[in-house]
Every structure is written in C-alpha cells, then in structure tokens.
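Asker: File name structure_28.csv; file contents CSV, C-alpha atoms and all ligand atoms; full text below.
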```csv
chain,number,residue,atom,x,y,z
A,14,MET,CA,7.1,-7.0,19.6
A,15,ILE,CA,8.8,-3.8,20.8
A,16,ASP,CA,11.8,-2.8,18.7
A,17,ASN,CA,15.0,-1.1,19.9
A,18,TYR,CA,13.3,2.4,19.7
A,19,GLY,CA,10.2,1.5,21.7
A,20,ARG,CA,7.9,1.0,18.7
A,21,ASN,CA,5.4,-1.8,18.8
A,22,ILE,CA,5.8,-3.7,15.5
A,23,ASP,CA,2.5,-5.3,14.9
A,24,TYR,CA,1.9,-5.0,11.2
A,25,MET,CA,3.4,-7.0,8.3
A,26,ARG,CA,2.9,-6.3,4.6
A,27,ILE,CA,3.2,-9.3,2.3
A,28,SER,CA,3.8,-8.9,-1.4
A,29,VAL,CA,2.4,-12.0,-3.0
A,30,THR,CA,3.5,-11.3,-6.5
A,31,GLU,CA,5.7,-8.9,-8.5
A,32,LEU,CA,3.4,-9.1,-11.5
A,33,CYS,CA,0.6,-6.7,-12.3
A,34,ASN,CA,-2.1,-6.1,-14.9
A,35,LEU,CA,-1.2,-2.4,-14.9
A,36,ARG,CA,2.1,-0.5,-15.3
A,37,CYS,CA,1.7,2.7,-13.3
A,38,ARG,CA,4.4,5.1,-14.3
A,39,TYR,CA,5.5,5.9,-10.7
A,40,CYS,CA,5.8,2.2,-9.8
A,41,MET,CA,7.1,-0.1,-12.4
A,42,PRO,CA,8.8,-0.2,-15.9
A,43,GLU,CA,6.7,-0.1,-19.1
A,44,GLU,CA,7.8,-3.6,-20.1
A,45,GLY,CA,6.7,-5.1,-16.8
A,46,VAL,CA,8.8,-7.6,-15.0
A,47,ALA,CA,10.1,-10.9,-16.2
A,48,LYS,CA,8.0,-13.8,-14.8
A,49,ARG,CA,10.3,-15.7,-12.4
A,50,SER,CA,10.3,-19.4,-11.9
A,51,HIS,CA,8.1,-20.8,-9.1
A,52,LYS,CA,11.0,-21.7,-7.0
A,53,ASP,CA,12.2,-18.0,-6.9
A,54,ILE,CA,8.9,-16.8,-5.5
A,55,MET,CA,7.5,-17.8,-2.1
A,56,SER,CA,4.9,-20.6,-2.1
A,57,PHE,CA,1.7,-20.0,-0.3
A,58,GLU,CA,2.9,-22.5,2.3
A,59,GLU,CA,5.9,-20.4,3.0
A,60,ILE,CA,3.8,-17.3,3.2
A,61,VAL,CA,1.5,-18.9,5.7
A,62,SER,CA,4.4,-20.2,7.8
A,63,ALA,CA,6.0,-16.7,7.8
A,64,ALA,CA,2.7,-15.1,8.9
A,65,GLU,CA,2.3,-17.7,11.7
A,66,ALA,CA,5.8,-17.0,13.0
A,67,ALA,CA,5.2,-13.3,12.8
A,68,ALA,CA,1.9,-13.7,14.7
A,69,HIS,CA,3.8,-15.5,17.5
A,70,LEU,CA,6.0,-12.4,17.7
A,71,GLY,CA,3.0,-10.0,18.0
A,72,ILE,CA,2.1,-9.2,14.4
A,73,ARG,CA,-1.7,-8.5,14.6
A,74,LYS,CA,-2.3,-7.0,11.2
A,75,LEU,CA,-1.5,-8.4,7.7
A,76,ARG,CA,-1.7,-6.5,4.4
A,77,ILE,CA,-1.6,-8.5,1.1
A,78,THR,CA,-0.1,-6.4,-1.7
A,79,GLY,CA,2.1,-6.8,-4.7
A,80,GLY,CA,2.3,-6.2,-7.8
A,81,GLU,CA,-1.4,-6.8,-8.1
A,82,PRO,CA,-2.5,-9.4,-5.6
A,83,LEU,CA,-5.7,-10.3,-7.5
A,84,VAL,CA,-3.7,-11.6,-10.5
A,85,CYS,CA,-2.2,-14.2,-8.2
A,86,ARG,CA,-3.9,-17.6,-8.7
A,87,GLY,CA,-5.3,-19.0,-5.5
A,88,ILE,CA,-5.4,-15.6,-3.7
A,89,VAL,CA,-8.8,-16.3,-2.1
A,90,ALA,CA,-7.6,-19.5,-0.6
A,91,LEU,CA,-4.4,-17.8,0.7
A,92,CYS,CA,-6.5,-15.1,2.3
A,93,ARG,CA,-8.7,-17.7,4.0
A,94,GLU,CA,-5.7,-19.3,5.5
A,95,LEU,CA,-4.1,-16.1,6.6
A,96,ALA,CA,-7.4,-14.8,8.2
A,97,SER,CA,-7.6,-18.0,10.3
A,98,ILE,CA,-4.1,-17.7,11.9
A,99,GLU,CA,-4.3,-17.3,15.6
A,100,GLY,CA,-3.4,-13.8,16.7
A,101,ILE,CA,-4.1,-12.2,13.4
A,102,GLU,CA,-6.8,-9.6,14.1
A,103,GLU,CA,-7.0,-7.8,10.7
A,104,LEU,CA,-6.4,-8.9,7.2
A,105,CYS,CA,-6.3,-6.2,4.5
A,106,ILE,CA,-5.5,-6.0,0.8
A,107,THR,CA,-4.2,-3.2,-1.3
A,108,THR,CA,-5.4,-3.5,-4.9
A,109,ASN,CA,-5.8,-1.5,-8.0
A,110,GLY,CA,-9.4,-2.6,-7.9
A,111,THR,CA,-9.7,-3.5,-11.6
A,112,LEU,CA,-10.4,-7.2,-10.8
A,113,LEU,CA,-12.6,-6.6,-7.8
A,114,VAL,CA,-15.8,-7.2,-9.7
A,115,ASP,CA,-14.8,-10.9,-9.9
A,116,PHE,CA,-13.2,-11.1,-6.4
A,117,ALA,CA,-14.8,-8.8,-3.9
A,118,ARG,CA,-17.5,-11.1,-2.6
A,119,GLU,CA,-15.2,-14.2,-2.3
A,120,LEU,CA,-12.5,-12.1,-0.5
A,121,ARG,CA,-15.1,-10.9,2.0
A,122,GLU,CA,-16.3,-14.5,2.6
A,123,ALA,CA,-12.7,-15.6,3.0
A,124,GLY,CA,-12.2,-13.3,5.9
A,125,VAL,CA,-10.6,-10.2,4.4
A,126,ASP,CA,-11.5,-7.3,6.6
A,127,ARG,CA,-10.6,-4.2,4.6
A,128,LEU,CA,-9.6,-3.0,1.2
A,129,ASN,CA,-7.4,-0.1,0.0
A,130,ILE,CA,-8.1,0.6,-3.7
A,131,SER,CA,-5.6,2.7,-5.7
A,132,LEU,CA,-7.1,5.4,-7.9
A,133,ASP,CA,-5.2,8.5,-9.0
A,134,THR,CA,-7.6,10.2,-11.4
A,135,LEU,CA,-11.3,10.2,-12.3
A,136,ASN,CA,-10.5,11.1,-16.0
A,137,PRO,CA,-10.5,8.0,-18.3
A,138,GLU,CA,-7.6,9.4,-20.5
A,139,LYS,CA,-5.5,10.3,-17.5
A,140,TYR,CA,-6.2,6.9,-15.9
A,141,ARG,CA,-5.0,5.2,-19.1
A,142,TYR,CA,-1.9,7.5,-19.2
A,143,ILE,CA,-0.8,7.0,-15.6
A,144,THR,CA,-1.5,3.2,-15.5
A,145,ARG,CA,-0.3,2.7,-19.2
A,146,LEU,CA,-2.8,-0.2,-19.5
A,147,GLY,CA,-5.8,0.5,-17.3
A,148,ASN,CA,-9.5,1.2,-17.9
A,149,LEU,CA,-11.0,3.6,-15.4
A,150,ASP,CA,-14.5,2.0,-15.7
A,151,GLU,CA,-13.1,-1.3,-14.4
A,152,ALA,CA,-11.5,0.4,-11.3
A,153,LEU,CA,-14.7,2.3,-10.6
A,154,ALA,CA,-16.8,-0.8,-11.0
A,155,GLY,CA,-14.3,-2.5,-8.6
A,156,ILE,CA,-15.0,0.1,-5.9
A,157,ASP,CA,-18.8,-0.4,-6.3
A,158,ALA,CA,-18.3,-4.2,-6.1
A,159,ALA,CA,-16.4,-3.7,-2.8
A,160,PHE,CA,-19.3,-1.8,-1.3
A,161,GLU,CA,-21.8,-4.3,-2.6
A,162,ALA,CA,-19.8,-7.2,-1.1
A,163,GLY,CA,-20.2,-5.5,2.3
A,164,PHE,CA,-16.7,-4.1,2.8
A,165,THR,CA,-16.6,-1.2,5.2
A,166,GLY,CA,-13.7,1.2,5.9
A,167,ILE,CA,-12.8,1.2,2.2
A,168,LYS,CA,-9.8,3.5,1.5
A,169,ILE,CA,-9.0,5.1,-1.9
A,170,ASN,CA,-5.2,5.6,-2.4
A,171,ASN,CA,-4.4,8.6,-4.5
A,172,VAL,CA,-0.8,9.3,-5.3
A,173,LEU,CA,-0.7,13.1,-5.4
A,174,THR,CA,1.4,14.2,-8.3
A,175,GLY,CA,2.0,17.8,-9.2
A,176,GLY,CA,0.9,18.7,-12.7
A,177,PHE,CA,-0.9,15.4,-13.1
A,178,ASN,CA,-3.8,15.1,-10.6
A,179,ASP,CA,-3.5,18.1,-8.3
A,180,ASP,CA,-6.3,19.7,-10.3
A,181,GLU,CA,-8.6,16.9,-9.2
A,182,ILE,CA,-8.1,17.3,-5.4
A,183,GLU,CA,-11.6,18.9,-4.9
A,184,ASP,CA,-13.2,16.1,-7.0
A,185,PHE,CA,-11.6,13.4,-4.9
A,186,VAL,CA,-12.5,15.1,-1.6
A,187,ALA,CA,-16.1,15.4,-2.9
A,188,LEU,CA,-16.2,11.6,-3.1
A,189,THR,CA,-16.3,11.5,0.7
A,190,ARG,CA,-19.5,13.6,0.9
A,191,ASP,CA,-22.0,10.8,0.4
A,192,ARG,CA,-20.0,7.7,0.7
A,193,ASP,CA,-18.4,6.2,3.8
A,194,LEU,CA,-14.9,5.9,2.4
A,195,GLU,CA,-11.6,7.4,3.1
A,196,VAL,CA,-9.7,9.2,0.3
A,197,ARG,CA,-6.0,9.1,1.1
A,198,PHE,CA,-3.7,11.4,-0.6
A,199,ILE,CA,-0.2,10.0,-0.6
A,200,GLU,CA,2.8,12.1,-1.6
A,201,LEU,CA,4.6,10.7,-4.6
A,202,MET,CA,7.9,9.1,-3.5
A,203,PRO,CA,11.2,8.9,-5.4
A,204,ILE,CA,11.2,5.1,-5.4
A,205,GLY,CA,10.7,2.6,-8.3
A,206,GLY,CA,9.3,4.4,-11.3
A,207,GLY,CA,9.0,7.6,-9.2
A,208,ILE,CA,12.8,8.0,-9.4
A,209,GLY,CA,13.3,10.4,-12.3
A,210,PHE,CA,10.0,12.2,-12.0
A,211,ASP,CA,10.5,16.0,-12.3
A,212,PRO,CA,10.9,17.9,-9.0
A,213,GLU,CA,7.6,19.8,-9.7
A,214,ASN,CA,5.8,16.4,-9.6
A,215,PHE,CA,6.7,16.0,-5.9
A,216,ILE,CA,4.2,18.2,-4.1
A,217,SER,CA,3.2,18.3,-0.4
A,218,CYS,CA,-0.2,17.1,0.9
A,219,ARG,CA,-0.4,20.7,2.2
A,220,HIS,CA,-1.9,21.5,-1.2
A,221,VAL,CA,-5.0,19.5,-0.3
A,222,LEU,CA,-5.6,21.7,2.7
A,223,GLU,CA,-5.0,24.8,0.6
A,224,ARG,CA,-7.4,23.7,-2.1
A,225,VAL,CA,-10.1,22.6,0.3
A,226,PRO,CA,-9.8,24.9,3.4
A,227,GLU,CA,-13.1,23.7,4.8
A,228,LEU,CA,-11.5,20.3,5.6
A,229,GLU,CA,-11.5,20.0,9.4
A,230,SER,CA,-8.8,18.1,11.2
A,231,LEU,CA,-10.2,15.2,13.4
A,232,GLU,CA,-7.0,15.6,15.4
A,233,MET,CA,-6.2,11.9,14.9
A,234,SER,CA,-3.8,9.7,13.0
A,235,ASP,CA,-3.9,6.0,12.2
A,236,GLY,CA,-0.1,5.8,12.3
A,237,VAL,CA,0.5,7.0,8.8
A,238,ALA,CA,-2.4,9.3,7.8
A,239,ASN,CA,-3.6,12.5,9.5
A,240,ILE,CA,-7.4,12.4,9.2
A,241,TYR,CA,-9.7,15.2,8.1
A,242,ARG,CA,-13.4,15.6,7.2
A,243,LEU,CA,-15.6,17.9,5.2
A,244,PRO,CA,-18.3,19.3,7.5
A,245,GLY,CA,-21.3,16.9,7.4
A,246,ALA,CA,-19.5,14.4,5.1
A,247,LYS,CA,-20.0,10.6,5.5
A,248,GLY,CA,-16.4,9.8,4.7
A,249,ARG,CA,-13.0,11.1,5.6
A,250,VAL,CA,-9.8,12.4,4.0
A,251,GLY,CA,-6.4,11.1,5.0
A,252,LEU,CA,-3.1,12.8,4.3
A,253,ILE,CA,0.0,10.6,4.1
A,254,ARG,CA,3.2,12.6,4.0
A,255,PRO,CA,6.2,10.3,3.5
A,256,ILE,CA,8.2,13.3,2.1
A,257,SER,CA,7.1,16.4,3.9
A,258,CYS,CA,6.7,14.9,7.3
A,259,GLU,CA,8.6,11.9,8.5
A,260,PHE,CA,6.7,9.3,10.5
A,261,CYS,CA,9.5,6.9,11.4
A,262,ASP,CA,8.8,7.3,15.1
A,263,SER,CA,5.4,5.7,14.7
A,264,CYS,CA,6.4,3.1,12.1
A,265,ASN,CA,5.0,-0.2,13.1
A,266,LYS,CA,5.7,-2.3,10.0
A,267,ILE,CA,7.9,-4.9,8.4
A,268,ARG,CA,7.6,-5.9,4.8
A,269,LEU,CA,8.0,-9.3,3.1
A,270,THR,CA,8.8,-9.3,-0.6
A,271,ALA,CA,7.4,-11.9,-3.0
A,272,ASP,CA,10.8,-13.5,-3.2
A,273,GLY,CA,10.9,-14.0,0.5
A,274,MET,CA,13.1,-11.1,1.7
A,275,LEU,CA,12.1,-9.3,4.9
A,276,LYS,CA,12.7,-5.5,4.8
A,277,PRO,CA,12.9,-3.9,8.2
A,278,CYS,CA,12.6,-0.4,6.5
A,279,LEU,CA,11.0,0.5,3.1
A,280,HIS,CA,13.7,2.9,2.2
A,281,SER,CA,16.7,0.7,3.0
A,282,ASP,CA,18.2,-2.1,0.9
A,283,ARG,CA,18.8,-4.2,4.0
A,284,GLU,CA,16.9,-7.4,3.4
A,285,ILE,CA,16.9,-10.7,5.3
A,286,SER,CA,15.9,-13.9,3.6
A,287,LEU,CA,13.1,-16.1,5.1
A,288,ARG,CA,13.6,-18.8,2.5
A,289,GLY,CA,14.2,-22.4,3.5
A,290,LYS,CA,13.6,-21.8,7.3
A,291,GLY,CA,11.7,-24.0,9.7
A,292,PRO,CA,9.1,-22.5,12.1
A,293,GLY,CA,11.5,-21.9,15.1
A,294,GLU,CA,14.2,-20.5,12.8
A,295,LEU,CA,11.6,-18.2,11.1
A,296,GLU,CA,10.7,-16.7,14.4
A,297,ASP,CA,14.4,-16.0,15.2
A,298,VAL,CA,15.0,-14.4,11.8
A,299,ILE,CA,11.9,-12.2,12.0
A,300,ARG,CA,12.8,-11.2,15.6
A,301,SER,CA,16.3,-10.1,14.5
A,302,ALA,CA,14.9,-8.2,11.5
A,303,ILE,CA,12.6,-6.3,13.8
A,304,LEU,CA,15.5,-5.4,16.0
A,305,GLU,CA,17.3,-4.2,12.9
A,306,LYS,CA,14.7,-1.6,12.2
A,307,PRO,CA,16.5,1.7,11.9
A,308,GLU,CA,15.4,4.7,14.0
A,309,THR,CA,14.8,6.8,11.0
A,310,ARG,CA,15.7,7.0,7.3
A,311,SER,CA,17.9,9.2,5.2
A,312,ARG,CA,16.5,12.3,3.4
A,313,LEU,CA,14.0,11.6,0.6
A,314,ASP,CA,13.2,14.0,-2.2
A,315,ALA,CA,13.6,14.4,-6.0
A,316,ASP,CA,17.4,14.7,-5.6
A,317,ASN,CA,17.7,12.0,-2.9
A,318,PRO,CA,15.8,9.0,-4.1
A,319,SER,CA,14.9,6.0,-1.9
A,320,ARG,CA,17.6,3.5,-1.2
A,321,ALA,CA,15.1,0.6,-1.2
A,322,GLY,CA,16.9,-1.0,-4.1
A,323,ARG,CA,13.8,-2.3,-5.7
A,324,ASP,CA,10.7,-1.1,-7.7
A,325,MET,CA,7.5,-0.6,-5.7
A,326,ASN,CA,5.8,-3.5,-7.4
A,327,MET,CA,8.4,-5.8,-5.8
A,328,ILE,CA,7.9,-4.3,-2.3
A,329,GLY,CA,4.2,-3.6,-2.2
A,330,GLY,CA,4.1,-0.1,-1.0
A,401,LIG,N1,-1.3,-3.1,-7.2
A,401,LIG,C1,-1.8,-2.7,-6.0
A,401,LIG,C2,-2.2,-1.2,-6.0
A,401,LIG,O1,-1.8,-0.5,-6.9
A,401,LIG,O2,-2.9,-0.8,-5.1
A,401,LIG,C3,-0.9,-2.9,-4.8
A,401,LIG,C4,0.6,-2.7,-5.0
A,401,LIG,S1,1.0,-1.0,-5.2
A,401,LIG,C5,2.8,-1.1,-5.3
A,401,LIG,C6,0.7,-0.3,-3.5
A,401,LIG,C7,0.6,1.2,-3.4
A,401,LIG,O3,1.9,1.8,-3.7
A,401,LIG,C8,-0.4,1.8,-4.4
A,401,LIG,O4,-1.3,2.6,-3.7
A,401,LIG,C9,0.5,2.7,-5.3
A,401,LIG,O5,-0.2,3.8,-5.7
A,401,LIG,C10,1.6,3.0,-4.3
A,401,LIG,N2,2.8,3.5,-5.0
A,401,LIG,C11,3.6,2.8,-5.9
A,401,LIG,N3,4.6,3.6,-6.3
A,401,LIG,C12,4.6,4.7,-5.6
A,401,LIG,C13,5.4,5.9,-5.5
A,401,LIG,N4,6.5,6.0,-6.3
A,401,LIG,N5,5.1,6.8,-4.6
A,401,LIG,C14,4.0,6.7,-3.8
A,401,LIG,N6,3.2,5.6,-3.8
A,401,LIG,C15,3.5,4.7,-4.7
A,402,LIG,FE1,0.6,-2.3,-10.5
A,402,LIG,FE2,-0.1,-1.3,-8.2
A,402,LIG,FE3,2.3,-0.8,-9.2
A,402,LIG,FE4,0.1,0.2,-10.4
A,402,LIG,S1,0.9,0.7,-8.3
A,402,LIG,S2,1.8,-0.8,-11.4
A,402,LIG,S3,-1.4,-1.3,-10.0
A,402,LIG,S4,1.6,-2.7,-8.5
```
Let me see the structure of the file written as structure tokens.
Answerer:
Amino acid sequence: MIDNYGRNIDYMRISVTELCNLRCRYCMPEEGVAKRSHKDIMSFEEIVSAAEAAAHLGIRKLRITGGEPLVCRGIVALCRELASIEGIEELCITTNGTLLVDFARELREAGVDRLNISLDTLNPEKYRYITRLGNLDEALAGIDAAFEAGFTGIKINNVLTGGFNDDEIEDFVALTRDRDLEVRFIELMPIGGGIGFDPENFISCRHVLERVPELESLEMSDGVANIYRLPGAKGRVGLIRPISCEFCDSCNKIRLTADGMLKPCLHSDREISLRGKGPGELEDVIRSAILEKPETRSRLDADNPSRAGRDMNMIGG
C-alpha cells in the first residue's frame, strides 16, 4: 500500500516476545523484563490474523523478531503458518543465533527464507560483556548451523559501538572473504539501553570505509543498507546509518509489538492497538496506521534520544 508520501509499505516486522536469553547492554535492562500474563501478549492466532490482514493491504515481507524469537514456544509452527499466507513472499527472522543449533533446520523446513544473526564481537570476553549472559561459541555454532541447514543470504548484524568493537571492523569485514554472507554494520542508536551510552560510543559507519578503504561500493541499497564488497570476496558488507544518514524517504516498514501495538514509525511513541479486532476491522486499522506514517523523524543523537517510548526488545529493531 502506498502511504501519504508515496512510499510503498510492503514490510511488517512482528515482535513475538519481549523476553530474551541475553541482556545486550544497548537493548534491554540487566534485570530483564517481567514476564507478562498470556492475555497481555498477542496469541499466535492474533499474529496470524494481523499478518493476513496486512498481506491483503500489500505487505509482502514479514520479519519475526523480539526479544529473542527462538525462546518463544511454538515458534516453528507460527513460522509455518506465516509462510503459507497468500501474498507473503518472504519470511525472515532476526535472532541472536544462540539457539539456532536446535532450530535452524526446522525453521528452514517451515518456510523461513532468510536469517539475520546478531553478533557484535568475535572476542569471547567482549561477547559476554555486551550480552551480559551470552556465550560466543553458541552464537558462532548458530551461524554454522544456519549454513548447514541450507540458508542463503545470511546477514550478520553488528552494532558498531565506538570504544567497544570498532577495533574489530577489519575482522568482521574479513568474514565476508570466503563465506557468502553479508556483514551489516549498524550505527548504535540512542534507544532502549542505548540511551545513556557515552557520546563517543555513537560513531558513524564512515569508520568502516576509513578502516577498510579497499571496500568497493556496489552502488546499491536494499532500502536500509548501502552495499560494499572486498575485491574478490564471496560475501558483502552493508552499512546501515540510522544516525548519520536518514533513510525515512525509503522507509517501507510498519512494526507490530508483542503486546499488539502497531508502530507506524520506530522512533515515535504513536501506537495503534490491534487487539480484539475482527479481520475487516484489522485491515481498516492497519490501513489507517500506514496513513499515519510520518514523513520523517526528529533528530537522533546522544543528546536527542529516540522517542520510541519502549526498549528495543519490546519493538524488535
Ligand atoms: N534478539 C534478536 C537479536 O538480537 O537479533 C532480535 C531482536 S533485537 C532487538 C534486533 C536487532 O536490534 C539486533 O540486531 C540488535 O543488535 C539491534 N539493536 C538493539 N538495540 C539497538 C540499539 N540501541 N541500537 C542499534 N541496534 C540495536
Ligand atoms: Fe536480546 Fe536481541 Fe536485545 Fe540482545 S539485542 S538483548 S539478543 S533482544
């Protein structure tokens, strides 16, 4: 569906849970989130109904996210249902990867097309520090499991944080030499746990090009990432610049939170409830939410945090 600013909104991200087995410092609080009662969180039936209504309106791509979607009981069955919705052409998951050893094959068989796997460092101590609970070996084994299950187009999400992992830029780019994957550097955002990070932690993706000048631009973008490649490499490098370069004019997304609120814009606290609506009504509400997408957002930097009003684990990124 075309919104009021001529953008084709064809992508919905669905957060299926606020819970997570990690506690990344830039995302959620150390104590985690209180588990809510079942009735406060969308049931799988509600999620499927919302996705069907969205598909009627022209949504073609779904991304399952969270929290950590793979801690959600029944996630494989949910993916199977979402993948079979008429009109849905692509079903993706964003995951921290630590449970993929158990799930990758089943997810592939259920019809999941692509995986984005979050990984901010290749150093075990730093991984434990940034995730507060995680084990690097599990995340790396998850990436291998995704390849073994036959996934292609795997993307590694790296939140670029000055003073924490900018010294690993070359190592992450090197991962693309022999493996057909895309390493995506994402600028740290002042949202969720990222609010309150020091100004020097917020660095531009420009640093990637300065550190690895041999990266060649492929003169293409997939809507959020500008794509580069090392000469002769199998994989690619994507730069996602929510801070240093606004991409509102190519924004094609809406986001559904685990408690059933539709967010027309990530950085606004405007939310529209989808709870308790029948199929026709759902379509009307989603249509009006798409028409509420703002043309652009307010300034975003260390002194001007996001106005999303929720932590990232509640929105899904
Ligand atoms: N648990 C899954 C994961 O980590 O991939 C999915 C949910 S997580 C909220 C989705 C993405 O948001 C991850 O790639 C994470 O790194 C990113 N993210 C979370 N907080 C962020 C922040 N403050 N700035 C930039 N990216 C952030
Ligand atoms: Fe969990 Fe993902 Fe947030 Fe890390 S970024 S705490 S893995 S939801």
Asker: Need to verify the contact set: A:His220, 10 Å, all atoms listed in the file, exclusion of same-chain residues closer than 3 positions in sequence. Can you return it as a list in words?
Answerer: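 The neighbour list is Leu173, Gly175, Asp179, Ile182, Ile216, Ser217, Glu223, Arg224, Val225 and Pro226 of chain A.
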Asker: Taking (8.5, -17.2, -3.8) in the coordinates of the supplied file, I want to know which residues reach to within 6 Å of it, counting only C-alpha atoms; could you give the answer as a PyMOL selection string?
Answerer: chain A and resi 53-56+271-273
Asker: Using all atoms listed in the file, which of A:Gly163, A:Gly205, A:Pro137, A:Gly100 sits nearest ligand LIG 402 (chain A)?
Answerer: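 When distances to ligand LIG 402 (chain A) are compared using all atoms listed in the file, the smallest one comes from A:Gly205.
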Asker: List every residue of chain A that has an atom at most 7 Å from any atom of ligand LIG 402 (chain A), giving for each one its closest atom pair and the distance in Å to one decimal, counting all atoms listed in the file, sorted by chain and then by ascending residue number, as CSV.
Answerer:
```
residue,atom,partner,partner_atom,distance
A:Cys33,CA,A:LIG402,FE1,4.8
A:Asn34,CA,A:LIG402,FE1,6.4
A:Leu35,CA,A:LIG402,FE1,4.8
A:Arg36,CA,A:LIG402,S2,3.9
A:Cys37,CA,A:LIG402,S2,4.0
A:Cys40,CA,A:LIG402,FE3,4.6
A:Met41,CA,A:LIG402,S2,5.4
A:Gly79,CA,A:LIG402,S4,5.6
A:Gly80,CA,A:LIG402,S4,3.6
A:Glu81,CA,A:LIG402,S4,5.1
A:Thr108,CA,A:LIG402,FE2,6.6
A:Asn109,CA,A:LIG402,S3,4.8
A:Thr144,CA,A:LIG402,FE4,6.1
A:Met325,CA,A:LIG402,FE3,6.3
A:Asn326,CA,A:LIG402,S4,4.4
A:Gly329,CA,A:LIG402,S4,6.9
```
Asker: So how far away is atom CA of A:Arg26 from atom CA of A:Leu120, in Å?
Answerer: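 Distance reported for this atom pair: 17.2 Å.
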Asker: For A:Gly166, which residue out of A:Gly293, A:Gly248, A:Gly236, A:Gly207 is the nearest one, using all atoms listed in the file?
Answerer: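 Ranking A:Gly293, A:Gly248, A:Gly236, A:Gly207 by distance to A:Gly166, first place goes to A:Gly248.
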Asker: I'd like the interatomic distance between atom CA of A:Glu200 and atom CA of A:Ala187, to a tenth of an Å.
Answerer: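 Between atom CA of A:Glu200 and atom CA of A:Ala187 the gap works out to 19.2 Å.
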Asker: Could you state the separation of atom CA of A:Ala302 and atom CA of A:Leu275 in Å, given to one decimal place?
Answerer: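 Between these atoms lies a distance of 7.3 Å.
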Asker: Any idea what's packed within 9 Å of A:Arg323, counting only C-alpha atoms, ignoring anything in its chain fewer than 5 positions away? Could you give it as a ChimeraX atom specification?
Answerer: /A:204-205,282,328
Asker: With only C-alpha atoms as the atoms that count, which of A:Leu132, A:Cys85, A:Ala159, A:Val221 lies nearest to A:Asp180?
Answerer: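 Among the listed residues, the smallest separation from A:Asp180 belongs to A:Val221.
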Asker: Of the candidates A:Arg86, A:Arg254, A:Arg300, A:Lys247, which one gets nearest to ligand LIG 401 (chain A) if we count all atoms listed in the file?
Answerer: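 Of the candidates, the smallest distance to ligand LIG 401 (chain A) is held by A:Arg254.
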Asker: Pick from A:Gly209, A:Gly110, A:Pro203, A:Gly245: nearest to A:Leu149, with all atoms listed in the file counted?
Answerer: A:Gly110
Asker: Which one of A:Leu287, A:Met25, A:Met14, A:Val61 sits closest to A:Gly330 if you count only C-alpha atoms?
Answerer: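 Smallest distance to A:Gly330 is found for A:Met25.
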Asker: Tell me, as a ChimeraX atom specification, which residues lie within 10 Å of A:Leu201, counting only C-alpha atoms; anything in the same chain fewer than 5 positions away does not count.
Answerer: /A:39,171-175,207-208,210,214-218,253-256,314-315
Asker: Compile the contact shell of A:Glu195 as a list of chain:residue names: residues with an atom at most 7 Å away, counting only C-alpha atoms, same-chain residues fewer than 5 positions apart removed.
Answerer: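 Residues near the query, excluding close chain neighbours: A:Ile167, A:Lys168, A:Ile169, A:Thr189, A:Gly248, A:Arg249, A:Val250, A:Gly251.
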Asker: What lies within 6 Å of A:Leu128 using only C-alpha atoms, ignoring chain neighbours under 3 positions off, as a PDB file with C-alpha atoms, in the coordinates of the input?
Answerer:
```
ATOM      1  CA  CYS A 105      -6.300  -6.200   4.500  1.00  0.00           C
ATOM      2  CA  ILE A 106      -5.500  -6.000   0.800  1.00  0.00           C
ATOM      3  CA  THR A 107      -4.200  -3.200  -1.300  1.00  0.00           C
ATOM      4  CA  ILE A 167     -12.800   1.200   2.200  1.00  0.00           C
TER       5      ILE A 167
END
```
Asker: Give as a ChimeraX atom specification the set of residues within 10 Å of the point (-2.8, -14.6, -3.9), where distances use the file's coordinates and all atoms listed in the file.
Answerer: /A:28-30,56-57,77-79,81-92
